[in-house]
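K.L.:
I am sharing target_7.txt, which consists of compact mmCIF, C-alpha atoms:
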# COMPACT_ATOMS: atom_id res chain seq x y z
CA MET C 636 3.51 -28.44 5.93
CA THR C 637 2.64 -28.93 2.27
CA THR C 638 4.06 -26.83 -0.51
CA LEU C 639 2.27 -23.73 -1.71
CA THR C 640 0.67 -25.53 -4.63
CA ALA C 641 1.00 -28.93 -6.17
CA PRO C 642 3.63 -28.84 -8.93
CA LEU C 643 1.87 -28.28 -12.23
CA LYS C 644 2.84 -30.06 -15.46
CA SER C 645 3.52 -26.83 -17.29
CA TRP C 646 6.46 -24.98 -18.77
CA PRO C 647 6.94 -22.62 -15.76
CA SER C 648 7.18 -25.68 -13.54
CA ARG C 649 9.58 -27.56 -15.81
CA GLN C 650 11.91 -24.62 -16.63
CA PRO C 651 11.23 -21.91 -14.03
CA ILE C 652 14.41 -19.87 -14.55
CA LEU C 653 13.96 -19.66 -18.33
CA PHE C 654 10.32 -18.75 -17.83
CA LEU C 655 11.22 -15.87 -15.48
CA ILE C 656 13.83 -14.49 -17.89
CA LEU C 657 11.54 -14.57 -20.93
CA ALA C 658 8.59 -13.19 -18.97
CA THR C 659 10.71 -10.26 -17.76
CA VAL C 660 11.90 -9.45 -21.30
CA ALA C 661 8.33 -9.62 -22.65
CA TRP C 662 7.04 -7.40 -19.81
CA LEU C 663 9.70 -4.73 -20.44
CA ALA C 664 9.12 -4.78 -24.20
CA LEU C 665 5.36 -4.36 -23.80
CA TYR C 666 5.83 -1.58 -21.22
CA GLN C 667 7.81 0.49 -23.76
CA THR C 668 4.86 0.50 -26.18
CA LEU C 669 2.30 2.01 -23.81
CA ASP C 670 2.86 5.71 -24.50
CA PRO C 671 2.82 5.53 -28.33
CA ALA C 672 -0.12 3.13 -28.18
CA ALA C 673 -2.14 5.57 -26.03
CA GLU C 674 -1.36 8.47 -28.40
CA SER C 675 -2.32 6.37 -31.42
CA LEU C 676 -5.58 5.34 -29.80
CA VAL C 677 -6.55 8.96 -29.07
CA ALA C 678 -5.55 9.96 -32.61
CA ALA C 679 -7.88 7.29 -34.00
CA LEU C 680 -10.84 8.80 -32.16
CA PRO C 681 -12.85 11.82 -33.36
CA VAL C 682 -11.33 13.90 -30.55
CA ASP C 683 -8.81 16.74 -30.67
CA ARG C 684 -5.77 15.71 -28.60
CA ASP C 685 -5.33 19.27 -27.30
CA THR C 686 -8.84 19.54 -25.81
CA HIS C 687 -9.78 18.71 -22.23
CA LEU C 688 -11.39 15.47 -23.36
CA GLY C 689 -8.36 14.51 -25.47
CA GLY C 690 -6.01 15.05 -22.53
CA ALA C 691 -8.25 13.09 -20.19
CA LEU C 692 -8.54 10.18 -22.63
CA GLN C 693 -4.78 10.04 -23.21
CA PHE C 694 -4.23 9.96 -19.44
CA PHE C 695 -6.73 7.12 -19.05
CA PHE C 696 -5.48 5.07 -22.00
CA TYR C 697 -1.87 5.39 -20.88
CA ASP C 698 -2.23 5.01 -17.12
CA THR C 699 -4.66 2.08 -17.12
CA PRO C 700 -2.34 -0.48 -18.74
CA LYS C 701 0.69 1.12 -17.07
CA VAL C 702 -0.70 0.79 -13.57
CA LEU C 703 -2.09 -2.69 -14.23
CA MET C 704 1.25 -3.87 -15.65
CA LEU C 705 3.21 -2.41 -12.74
CA LEU C 706 0.75 -3.90 -10.29
CA THR C 707 0.77 -7.33 -11.94
CA GLY C 708 4.56 -7.42 -12.09
CA VAL C 709 5.17 -6.39 -8.50
CA VAL C 710 2.38 -8.57 -7.10
CA PHE C 711 3.81 -11.57 -8.95
CA VAL C 712 7.31 -10.97 -7.57
CA MET C 713 6.04 -10.26 -4.07
CA GLY C 714 3.80 -13.32 -4.26
CA MET C 715 6.96 -15.37 -4.68
CA ILE C 716 8.74 -13.52 -1.86
CA ASN C 717 5.72 -13.66 0.43
CA SER C 718 5.91 -17.45 0.49
CA TYR C 719 8.64 -16.92 3.08
CA PHE C 720 6.41 -14.73 5.26
CA THR C 721 3.43 -16.68 6.52
CA PRO C 722 1.44 -15.16 9.41
CA GLU C 723 2.98 -17.76 11.73
CA ARG C 724 6.51 -16.91 10.64
CA THR C 725 5.84 -13.17 11.00
CA ARG C 726 4.49 -13.57 14.53
CA ALA C 727 7.45 -15.75 15.49
CA MET C 728 9.92 -13.13 14.25
CA LEU C 729 8.29 -10.38 16.31
CA ALA C 730 7.52 -12.30 19.52
CA GLY C 731 10.04 -11.93 22.32
CA LYS C 732 11.84 -8.89 20.87
CA THR C 733 12.41 -5.76 22.93
CA GLU C 734 10.45 -2.63 22.07
CA GLY C 735 12.28 -0.20 19.83
CA VAL C 736 14.12 -2.90 17.93
CA ALA C 737 10.86 -4.78 17.53
CA ASN C 738 9.11 -1.62 16.28
CA VAL C 739 11.72 -1.24 13.54
CA MET C 740 11.46 -4.93 12.65
CA ALA C 741 7.67 -4.84 12.63
CA ALA C 742 7.50 -1.76 10.40
CA SER C 743 10.08 -3.25 8.02
CA LEU C 744 8.21 -6.56 7.84
CA GLY C 745 5.06 -4.61 7.00
CA ILE C 746 6.61 -3.61 3.66
CA VAL C 747 7.16 -7.16 2.40
CA THR C 748 4.20 -8.98 3.90
CA PRO C 749 0.89 -9.32 2.04
CA PHE C 750 -1.43 -8.13 4.81
CA CYS C 751 -3.84 -5.25 4.25
CA SER C 752 -6.23 -3.45 6.58
CA CYS C 753 -8.80 -6.19 5.93
CA SER C 754 -6.50 -8.58 7.79
CA ALA C 755 -6.38 -6.32 10.87
CA VAL C 756 -8.54 -8.38 13.23
CA PRO C 757 -7.06 -11.88 12.75
CA LEU C 758 -3.52 -10.46 12.70
CA PHE C 759 -4.14 -8.45 15.85
CA ILE C 760 -5.49 -11.51 17.65
CA GLY C 761 -2.56 -13.62 16.50
CA PHE C 762 -0.01 -11.06 17.65
CA VAL C 763 -1.63 -10.77 21.08
CA GLN C 764 -1.65 -14.55 21.46
CA ALA C 765 2.03 -14.72 20.48
CA GLY C 766 2.95 -12.17 23.15
CA VAL C 767 3.88 -9.37 20.73
CA PRO C 768 3.76 -5.98 22.57
CA LEU C 769 0.85 -3.70 21.68
CA GLY C 770 3.03 -0.90 20.29
CA VAL C 771 4.97 -3.34 18.09
CA THR C 772 1.69 -4.69 16.73
CA PHE C 773 0.60 -1.18 15.78
CA SER C 774 3.92 -0.50 14.02
CA PHE C 775 3.22 -3.52 11.83
CA LEU C 776 -0.46 -2.69 11.24
CA ILE C 777 0.40 0.88 10.21
CA SER C 778 3.27 -0.12 7.93
CA ALA C 779 1.61 -3.10 6.20
CA PRO C 780 -1.11 -1.15 4.34
CA MET C 781 0.66 2.22 4.09
CA VAL C 782 4.22 1.32 3.06
CA ASN C 783 3.61 -1.59 0.74
CA GLU C 784 5.27 -2.91 -2.37
CA VAL C 785 2.43 -1.73 -4.61
CA ALA C 786 2.71 1.90 -3.46
CA LEU C 787 6.49 1.91 -3.74
CA THR C 788 6.50 0.38 -7.21
CA LEU C 789 3.86 2.72 -8.59
CA LEU C 790 5.53 5.76 -7.06
CA PHE C 791 8.86 4.68 -8.55
CA GLY C 792 7.30 4.11 -11.96
CA MET C 793 5.45 7.43 -12.01
CA PHE C 794 7.68 9.84 -10.06
CA GLY C 795 11.15 8.28 -9.84
CA TRP C 796 13.26 6.76 -7.09
CA LYS C 797 13.64 9.94 -5.02
CA VAL C 798 9.92 10.31 -4.32
CA ALA C 799 9.59 6.56 -3.72
CA LEU C 800 12.50 6.60 -1.27
CA LEU C 801 11.11 9.64 0.56
CA TYR C 802 7.74 7.94 0.87
CA LEU C 803 9.40 4.77 2.17
CA SER C 804 11.46 6.66 4.75
CA LEU C 805 8.59 8.79 5.99
CA GLY C 806 6.09 5.94 6.04
CA LEU C 807 8.47 3.77 8.07
CA SER C 808 9.16 6.67 10.43
CA VAL C 809 5.44 7.22 11.05
CA ALA C 810 4.89 3.49 11.67
CA ILE C 811 7.89 3.12 14.01
CA VAL C 812 7.33 6.29 16.04
CA ALA C 813 3.54 5.87 16.26
CA GLY C 814 3.90 2.27 17.43
CA TRP C 815 6.55 3.24 19.97
CA ILE C 816 4.39 6.05 21.39
CA ILE C 817 1.36 3.77 21.68
CA GLY C 818 3.56 1.22 23.44
CA ARG C 819 4.81 3.84 25.90
CA LEU C 820 1.23 4.83 26.75
CA LYS C 821 0.58 1.31 28.16
CA MET C 822 -2.95 1.04 26.79
CA GLU C 823 -3.39 -2.74 27.02
CA ALA C 824 -6.38 -2.09 29.28
CA TYR C 825 -8.20 -0.66 26.26
CA LEU C 826 -8.15 -3.89 24.33
CA GLU C 827 -11.54 -5.56 24.28
CA ASP C 828 -11.77 -7.89 27.28
CA TRP C 829 -12.05 -11.08 25.24
CA VAL C 830 -8.85 -10.20 23.35
CA ARG C 831 -6.87 -9.23 26.45
CA ASP C 832 -7.87 -12.38 28.30
CA MET C 833 -6.92 -14.85 25.58
CA PRO C 834 -4.29 -17.41 26.65
CA LYS C 835 -0.84 -16.76 25.24
CA THR C 836 0.48 -19.32 22.77
CA ALA C 837 3.99 -19.93 21.52
CA ALA C 838 4.65 -18.57 18.04
CA GLN C 839 5.88 -21.40 15.86
CA PHE C 840 6.23 -22.00 12.17
CA GLU C 841 7.51 -24.62 9.84
CA ASP C 842 9.48 -24.15 6.64
CA ALA C 843 7.18 -24.47 3.67
CA GLY C 844 9.95 -26.17 1.68
CA ALA C 845 8.66 -24.73 -1.59
CA THR C 846 10.63 -25.02 -4.84
CA LEU C 847 11.14 -22.17 -7.33
CA ALA C 848 8.35 -23.63 -9.47
CA ASP C 849 6.06 -23.62 -6.42
CA ARG C 850 6.91 -19.99 -5.71
CA ILE C 851 6.14 -19.05 -9.33
CA GLN C 852 2.73 -20.64 -8.91
CA GLY C 853 2.42 -18.64 -5.69
CA GLY C 854 3.12 -15.50 -7.73
CA PHE C 855 0.35 -16.41 -10.19
CA SER C 856 -2.01 -17.05 -7.27
CA ALA C 857 -1.17 -13.65 -5.76
CA VAL C 858 -1.91 -11.94 -9.09
CA ARG C 859 -5.30 -13.68 -9.36
CA GLU C 860 -6.14 -12.87 -5.75
CA ILE C 861 -4.90 -9.28 -5.45
CA VAL C 862 -5.26 -7.87 -8.96
CA GLY C 863 -8.61 -9.60 -9.23
CA LYS C 864 -9.81 -7.66 -6.20
CA VAL C 865 -8.29 -4.22 -6.72
CA TRP C 866 -8.76 -3.61 -10.45
CA PRO C 867 -12.11 -1.81 -9.97
CA TYR C 868 -10.40 0.61 -7.55
CA ILE C 869 -7.61 1.10 -10.07
CA LEU C 870 -10.02 1.96 -12.87
CA GLY C 871 -11.96 4.27 -10.57
CA GLY C 872 -8.81 6.02 -9.41
CA ILE C 873 -7.48 6.42 -12.95
CA ALA C 874 -10.84 7.70 -14.19
CA LEU C 875 -10.91 10.32 -11.43
CA GLY C 876 -7.30 11.17 -12.15
CA ALA C 877 -8.14 11.58 -15.84
CA VAL C 878 -10.96 14.00 -15.02
CA ILE C 879 -8.62 16.02 -12.79
CA HIS C 880 -5.88 15.94 -15.43
CA GLY C 881 -8.15 17.02 -18.26
CA TYR C 882 -10.67 19.38 -16.70
CA VAL C 883 -9.54 20.83 -13.35
CA PRO C 884 -7.81 24.22 -13.79
CA GLU C 885 -4.25 24.36 -12.46
CA ASP C 886 -4.85 27.62 -10.59
CA PHE C 887 -7.78 26.14 -8.70
CA MET C 888 -5.84 23.06 -7.61
CA ALA C 889 -2.80 25.10 -6.64
CA SER C 890 -4.94 27.39 -4.47
CA PHE C 891 -6.73 24.44 -2.88
CA MET C 892 -3.75 22.15 -2.25
CA GLY C 893 -0.76 24.44 -2.75
CA LYS C 894 2.01 25.37 -0.33
CA GLU C 895 0.55 28.79 0.41
CA ALA C 896 -2.63 27.35 1.92
CA TRP C 897 -1.45 26.25 5.39
CA TRP C 898 -4.76 24.54 6.04
CA SER C 899 -4.42 22.33 2.95
CA VAL C 900 -2.50 19.58 4.80
CA PRO C 901 -5.02 19.01 7.62
CA LEU C 902 -7.87 19.32 5.13
CA ALA C 903 -6.25 16.68 2.91
CA VAL C 904 -6.03 14.31 5.88
CA ILE C 905 -9.67 14.93 6.81
CA ILE C 906 -10.78 14.29 3.21
CA GLY C 907 -8.66 11.13 2.96
CA VAL C 908 -9.91 9.34 6.09
CA PRO C 909 -13.47 8.46 4.91
CA MET C 910 -12.29 7.34 1.47
CA TYR C 911 -12.07 3.60 0.84
CA THR C 912 -9.38 2.69 -1.63
CA ASN C 913 -5.82 1.40 -1.63
CA ALA C 914 -2.39 2.40 -2.91
CA ALA C 915 -3.11 1.18 -6.43
CA GLY C 916 -6.30 3.21 -6.63
CA VAL C 917 -5.07 6.41 -5.01
CA ILE C 918 -1.72 6.87 -6.76
CA PRO C 919 -3.19 7.79 -10.20
CA ILE C 920 -5.16 10.49 -8.36
CA VAL C 921 -1.92 11.63 -6.71
CA GLN C 922 -0.24 11.82 -10.11
CA ALA C 923 -3.01 14.00 -11.52
CA LEU C 924 -3.07 16.31 -8.47
CA LEU C 925 0.68 16.89 -8.66
CA ALA C 926 0.49 17.59 -12.40
CA LYS C 927 -2.09 20.30 -11.65
CA GLY C 928 0.14 22.11 -9.17
CA ALA C 929 -0.82 20.56 -5.84
CA ALA C 930 1.99 20.59 -3.27
CA LEU C 931 3.83 17.29 -2.78
CA GLY C 932 3.51 17.35 1.01
CA THR C 933 -0.24 17.96 0.84
CA VAL C 934 -0.72 15.16 -1.66
CA LEU C 935 1.42 12.71 0.33
CA ALA C 936 -0.59 13.53 3.47
CA PHE C 937 -3.78 12.82 1.53
CA MET C 938 -2.42 9.52 0.22
CA MET C 939 -1.16 8.35 3.63
CA SER C 940 -4.46 9.16 5.32
CA VAL C 941 -6.42 7.26 2.66
CA ILE C 942 -4.24 4.17 3.05
CA ALA C 943 -3.43 4.17 6.79
CA LEU C 944 -6.50 5.75 8.39
CA SER C 945 -9.41 4.53 6.30
CA LEU C 946 -12.78 4.52 8.01
CA PRO C 947 -13.48 0.86 7.11
CA GLU C 948 -10.28 -0.19 8.90
CA MET C 949 -11.37 1.69 12.03
CA ILE C 950 -14.72 -0.10 11.92
CA ILE C 951 -12.96 -3.47 11.65
CA LEU C 952 -10.55 -2.65 14.48
CA ARG C 953 -13.48 -1.71 16.73
CA LYS C 954 -14.07 -5.45 17.13
CA VAL C 955 -10.85 -5.80 19.12
CA LEU C 956 -10.08 -2.28 20.41
CA LYS C 957 -12.01 0.03 22.68
CA VAL C 958 -12.86 3.51 21.44
CA ARG C 959 -10.14 5.25 23.46
CA LEU C 960 -7.39 3.09 21.96
CA ILE C 961 -8.73 3.61 18.44
CA ALA C 962 -8.85 7.37 19.05
CA THR C 963 -5.27 7.32 20.33
CA PHE C 964 -4.15 5.32 17.30
CA VAL C 965 -5.84 7.75 14.90
CA GLY C 966 -4.47 10.79 16.74
CA VAL C 967 -0.87 9.58 16.81
CA VAL C 968 -0.84 8.44 13.17
CA ALA C 969 -2.63 11.59 11.97
CA SER C 970 -0.07 13.74 13.80
CA GLY C 971 2.74 11.90 12.04
CA ILE C 972 1.07 12.32 8.66
CA LEU C 973 0.51 16.04 9.27
CA LEU C 974 4.18 16.42 10.17
CA VAL C 975 5.18 14.67 6.94
CA GLY C 976 2.96 17.00 4.91
CA PHE C 977 4.20 20.19 6.53
CA VAL C 978 7.87 19.16 6.30
CA PHE C 979 7.60 18.29 2.61
CA ASN C 980 5.85 21.55 1.82
CA ALA C 981 8.48 23.49 3.75
CA VAL C 982 11.59 21.95 2.17
CA LEU C 983 10.45 21.19 -1.41
Mind converting the file's structure to structure tokens?

P.N.:
Amino acid sequence: MTTLTAPLKSWPSRQPILFLILATVAWLALYQTLDPAAESLVAALPVDRDTHLGGALQFFFYDTPKVLMLLTGVVFVMGMINSYFTPERTRAMLAGKTEGVANVMAASLGIVTPFCSCSAVPLFIGFVQAGVPLGVTFSFLISAPMVNEVALTLLFGMFGWKVALLYLSLGLSVAIVAGWIIGRLKMEAYLEDWVRDMPKTAAQFEDAGATLADRIQGGFSAVREIVGKVWPYILGGIALGAVIHGYVPEDFMASFMGKEAWWSVPLAVIIGVPMYTNAAGVIPIVQALLAKGAALGTVLAFMMSVIALSLPEMIILRKVLKVRLIATFVGVVASGILLVGFVFNAVL
């Protein structure tokens, strides 16, 4: 197998370690300037900082570069790491493992692999061909979009390591348990016939043999590919978050998504399902909702439903799954998300 990219005659290729060190220092230095730069920009405008518009503009000017920098940094690093996790390698690691252990492995691999809900159909077919059990496949497909490096990094940057760790633990638990339950239900008969009848193939992979310089180029490629696709969702999410931050009264948001409203968690899940965005786009909205008094469990349930149960993903999966299996998948995952929301609201 060829390397990720042909070695380029550039400084990162000639001195990759020095490049990574200097790039990290420059990234950290620039990150420290974001807050004062946002305040200065608002001060330069004919807007009172203490008005609704001033607060919304400060939120937008600060969060836009912050989220884009966090996203670019983590996508670059994960682009390097993801060179070890090709689809073939991932299938080979999961094939032949017993259920339970394989569910844990599959959910854990979902965190570090670059597959989103758009990859659902080809991944599903590949897993079936490699002999990966149905429940294990679902553990991976739930974890990959929901518990991903972008969500974890942005949560860490905005809310600290405790919230990020809680999200990681709960997201993995939902993926593992939901996949295990689906596996126990023995629903292989509800795969579309053409998928179920495909001949099984051995899962094999070859070592890419990439150098550090190649992996750096892989990081740049990941940034161009991923950030280039998601930046409109990021801007949209931050703009909506800015409106919520600047204009939505705290009392209204607390009554709508607060702990006292028991129905807020299921309503948040229902609202989240038809939305089409990703972790990078939804987290600025989460930040604004929490700042306005929304309960953490309700907001996490909303975020998980947006990422893991999006309507477009269900439409894509309909190509390989029959309606009953899709309904079971949605029901099991939604139950797990509801449990997460209620538990968080009860203990925090």

K.L.:
Just how far from atom CA of C:Lys797 is atom CA of C:Ala672, in Å to one decimal?

P.N.:
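Separation of atom CA of C:Ala672 and atom CA of C:Lys797: 27.8 Å.
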
K.L.:
For atom CA of C:Gly708 and atom CA of C:Thr846, determine how far apart the two atoms are, in Å to one decimal place.

P.N.:
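Computing it gives 20.0 Å between the two atoms.
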
K.L.:
Atom CA of C:Ile873 and atom CA of C:Ile920, how far apart in Å?

P.N.:
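Spanning atom CA of C:Ile920 to atom CA of C:Ile873 is a straight-line distance of 6.6 Å.
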
K.L.:
Calculated over only C-alpha atoms, which of the candidates C:Val677, C:Ile918, C:Ala929, C:Met781 has the smallest distance to C:Leu805?

P.N.:
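Selected residue with least distance to C:Leu805: C:Met781.
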
K.L.:
List the spatial neighbours of C:Val702 as a list of chain:residue names - criterion: any atom at most 9 Å away, all atoms listed in the file, same-chain residues fewer than 2 positions off excluded.

P.N.:
C:Tyr697, C:Asp698, C:Thr699, C:Pro700, C:Met704, C:Leu705, C:Leu706, C:Thr707, C:Leu789, C:Gly792, C:Ile869, C:Ile873, C:Ala915, C:Pro919

K.L.:
Keeping C-alpha atoms for every residue in the selection just given, could you write it to a file as a CSV table (one decimal), in the frame of the given file?

P.N.:
chain,number,residue,atom,x,y,z
C,697,TYR,CA,-1.9,5.4,-20.9
C,698,ASP,CA,-2.2,5.0,-17.1
C,699,THR,CA,-4.7,2.1,-17.1
C,700,PRO,CA,-2.3,-0.5,-18.7
C,704,MET,CA,1.2,-3.9,-15.6
C,705,LEU,CA,3.2,-2.4,-12.7
C,706,LEU,CA,0.8,-3.9,-10.3
C,707,THR,CA,0.8,-7.3,-11.9
C,789,LEU,CA,3.9,2.7,-8.6
C,792,GLY,CA,7.3,4.1,-12.0
C,869,ILE,CA,-7.6,1.1,-10.1
C,873,ILE,CA,-7.5,6.4,-13.0
C,915,ALA,CA,-3.1,1.2,-6.4
C,919,PRO,CA,-3.2,7.8,-10.2
